[in-house]
Amino acid sequence: MAKLSTEELLDQFKELTLLELSEFVKAFEETFEVTAAAPVAVAAAGAPAAAEAAEEQDEFDVVLESAGDKKIQVIKVVREVVSGLGLKEAKDLVESAPKAILEKVSKEAAEAAKEKLEAAGAKIAVK
């Protein structure tokens, strides 16, 4: 098997969905007995976030503004996008809108989450 360069690996990861990438990370952690640092999914943005915004932004927050008419569909997508949430936690998160769903994620991950949630009927803001 030929070795892949870092760029080739990144290109392969860019083609994965968030769910596939999450499964890969779990398999990687199990195989190599390591733990990847997980971002905090539900935390209030404080004053440090405003200071970071002045710099070039490379981390984004996905904020659920409202669930819209299809609340059940939005809850399902929230469970898919935010790993580790149970049905009750996802429901509570959706009902407490406006609320940050993902924090400090890459632009690509934020756009992918926004696309999925808007397709389910939610109103989303990326900050």
# chains A, B, ... in the order shown; residues from 1 in each chain; ligands from 1
>>> select_by_dssp(residues="stretch 47-110 of chain A", states="alpha helix (DSSP H)", output="MDAnalysis selection string")
chainID A and resid 47:54 71:81 87:95 107:110
>>> write_last_selection(atoms="N, CA, C and O atoms", output="compact mmCIF listing (two decimals), in the first residue's frame")
# COMPACT_ATOMS: atom_id res chain seq x y z
N ALA A 47 -17.33 36.68 26.61
CA ALA A 47 -16.54 37.82 26.15
C ALA A 47 -15.31 37.40 25.36
O ALA A 47 -14.95 38.10 24.41
N PRO A 48 -14.62 36.30 25.66
CA PRO A 48 -13.46 35.92 24.87
C PRO A 48 -13.81 35.71 23.39
O PRO A 48 -12.98 35.94 22.53
N ALA A 49 -15.01 35.31 23.10
CA ALA A 49 -15.41 35.10 21.70
C ALA A 49 -15.38 36.41 20.93
O ALA A 49 -15.04 36.44 19.75
N ALA A 50 -15.72 37.51 21.58
CA ALA A 50 -15.71 38.81 20.91
C ALA A 50 -14.28 39.23 20.57
O ALA A 50 -14.04 39.81 19.51
N ALA A 51 -13.34 38.94 21.44
CA ALA A 51 -11.94 39.27 21.18
C ALA A 51 -11.40 38.44 20.03
O ALA A 51 -10.62 38.94 19.21
N GLU A 52 -11.82 37.19 19.94
CA GLU A 52 -11.37 36.33 18.85
C GLU A 52 -11.93 36.78 17.51
O GLU A 52 -11.31 36.59 16.48
N ALA A 53 -13.10 37.38 17.52
CA ALA A 53 -13.75 37.80 16.28
C ALA A 53 -12.95 38.89 15.58
O ALA A 53 -13.01 39.03 14.36
N ALA A 54 -12.18 39.67 16.35
CA ALA A 54 -11.39 40.73 15.75
C ALA A 54 -10.26 40.15 14.90
O ALA A 54 -9.85 40.75 13.92
N LYS A 71 -40.24 20.52 13.64
CA LYS A 71 -39.41 20.38 14.84
C LYS A 71 -38.83 18.97 14.98
O LYS A 71 -37.67 18.81 15.34
N ILE A 72 -39.61 17.96 14.68
CA ILE A 72 -39.14 16.58 14.83
C ILE A 72 -37.98 16.30 13.87
O ILE A 72 -36.98 15.68 14.25
N GLN A 73 -38.08 16.80 12.62
CA GLN A 73 -37.02 16.60 11.65
C GLN A 73 -35.75 17.31 12.13
O GLN A 73 -34.65 16.78 11.99
N VAL A 74 -35.91 18.50 12.69
CA VAL A 74 -34.77 19.27 13.17
C VAL A 74 -34.10 18.53 14.33
O VAL A 74 -32.86 18.46 14.40
N ILE A 75 -34.89 17.96 15.23
CA ILE A 75 -34.33 17.20 16.36
C ILE A 75 -33.50 16.04 15.84
O ILE A 75 -32.40 15.78 16.33
N LYS A 76 -34.00 15.34 14.83
CA LYS A 76 -33.26 14.21 14.26
C LYS A 76 -31.92 14.67 13.68
O LYS A 76 -30.89 14.02 13.88
N VAL A 77 -31.93 15.79 12.97
CA VAL A 77 -30.70 16.29 12.36
C VAL A 77 -29.73 16.78 13.43
O VAL A 77 -28.52 16.58 13.33
N VAL A 78 -30.24 17.41 14.49
CA VAL A 78 -29.38 17.87 15.58
C VAL A 78 -28.67 16.67 16.21
O VAL A 78 -27.47 16.73 16.48
N ARG A 79 -29.38 15.57 16.38
CA ARG A 79 -28.74 14.36 16.92
C ARG A 79 -27.66 13.84 16.00
O ARG A 79 -26.66 13.29 16.44
N GLU A 80 -27.86 14.00 14.69
CA GLU A 80 -26.87 13.55 13.70
C GLU A 80 -25.65 14.46 13.71
O GLU A 80 -24.52 14.00 13.65
N VAL A 81 -25.88 15.77 13.80
CA VAL A 81 -24.80 16.76 13.70
C VAL A 81 -23.99 16.82 14.99
O VAL A 81 -22.76 16.91 14.95
N LEU A 87 -32.08 11.62 22.61
CA LEU A 87 -33.30 12.25 22.13
C LEU A 87 -33.73 13.40 23.02
O LEU A 87 -34.07 14.48 22.55
N LYS A 88 -33.70 13.20 24.33
CA LYS A 88 -34.12 14.24 25.25
C LYS A 88 -33.21 15.46 25.17
O LYS A 88 -33.69 16.60 25.14
N GLU A 89 -31.90 15.23 25.13
CA GLU A 89 -30.96 16.35 25.05
C GLU A 89 -31.15 17.14 23.76
O GLU A 89 -31.12 18.37 23.77
N ALA A 90 -31.34 16.43 22.65
CA ALA A 90 -31.55 17.10 21.37
C ALA A 90 -32.85 17.90 21.40
O ALA A 90 -32.91 19.04 20.91
N LYS A 91 -33.90 17.32 21.97
CA LYS A 91 -35.20 18.01 22.06
C LYS A 91 -35.06 19.27 22.92
O LYS A 91 -35.54 20.34 22.54
N ASP A 92 -34.40 19.16 24.07
CA ASP A 92 -34.19 20.31 24.94
C ASP A 92 -33.38 21.40 24.23
O ASP A 92 -33.67 22.59 24.37
N LEU A 93 -32.38 20.99 23.48
CA LEU A 93 -31.54 21.93 22.75
C LEU A 93 -32.37 22.68 21.70
O LEU A 93 -32.29 23.91 21.60
N VAL A 94 -33.18 21.96 20.96
CA VAL A 94 -34.02 22.58 19.92
C VAL A 94 -35.05 23.51 20.54
O VAL A 94 -35.29 24.60 20.04
N GLU A 95 -35.64 23.10 21.65
CA GLU A 95 -36.67 23.92 22.29
C GLU A 95 -36.10 25.16 22.97
O GLU A 95 -36.84 26.11 23.22
N LYS A 107 -14.94 26.13 9.08
CA LYS A 107 -15.94 26.72 8.20
C LYS A 107 -16.68 25.63 7.43
O LYS A 107 -17.90 25.70 7.26
N GLU A 108 -15.95 24.61 6.97
CA GLU A 108 -16.57 23.53 6.20
C GLU A 108 -17.59 22.77 7.05
O GLU A 108 -18.70 22.47 6.60
N ALA A 109 -17.22 22.46 8.30
CA ALA A 109 -18.13 21.74 9.20
C ALA A 109 -19.35 22.59 9.52
O ALA A 109 -20.48 22.08 9.57
N ALA A 110 -19.13 23.89 9.73
CA ALA A 110 -20.25 24.79 10.03
C ALA A 110 -21.21 24.88 8.85
O ALA A 110 -22.43 24.83 9.02
>>> closest_residue(among="A:Glu59, A:Asp69, A:Glu7, A:Glu23", to="A:Ala120", atoms="only C-alpha atoms")
A:Asp69
>>> closest_residue(among="A:Leu19, A:Ser5, A:Ser83, A:Gln57", to="A:Ser106", atoms="only C-alpha atoms")
A:Gln57
>>> atom_distance(atom1="atom CA of A:Ala100", atom2="atom CA of A:Ile124")
9.6 Å
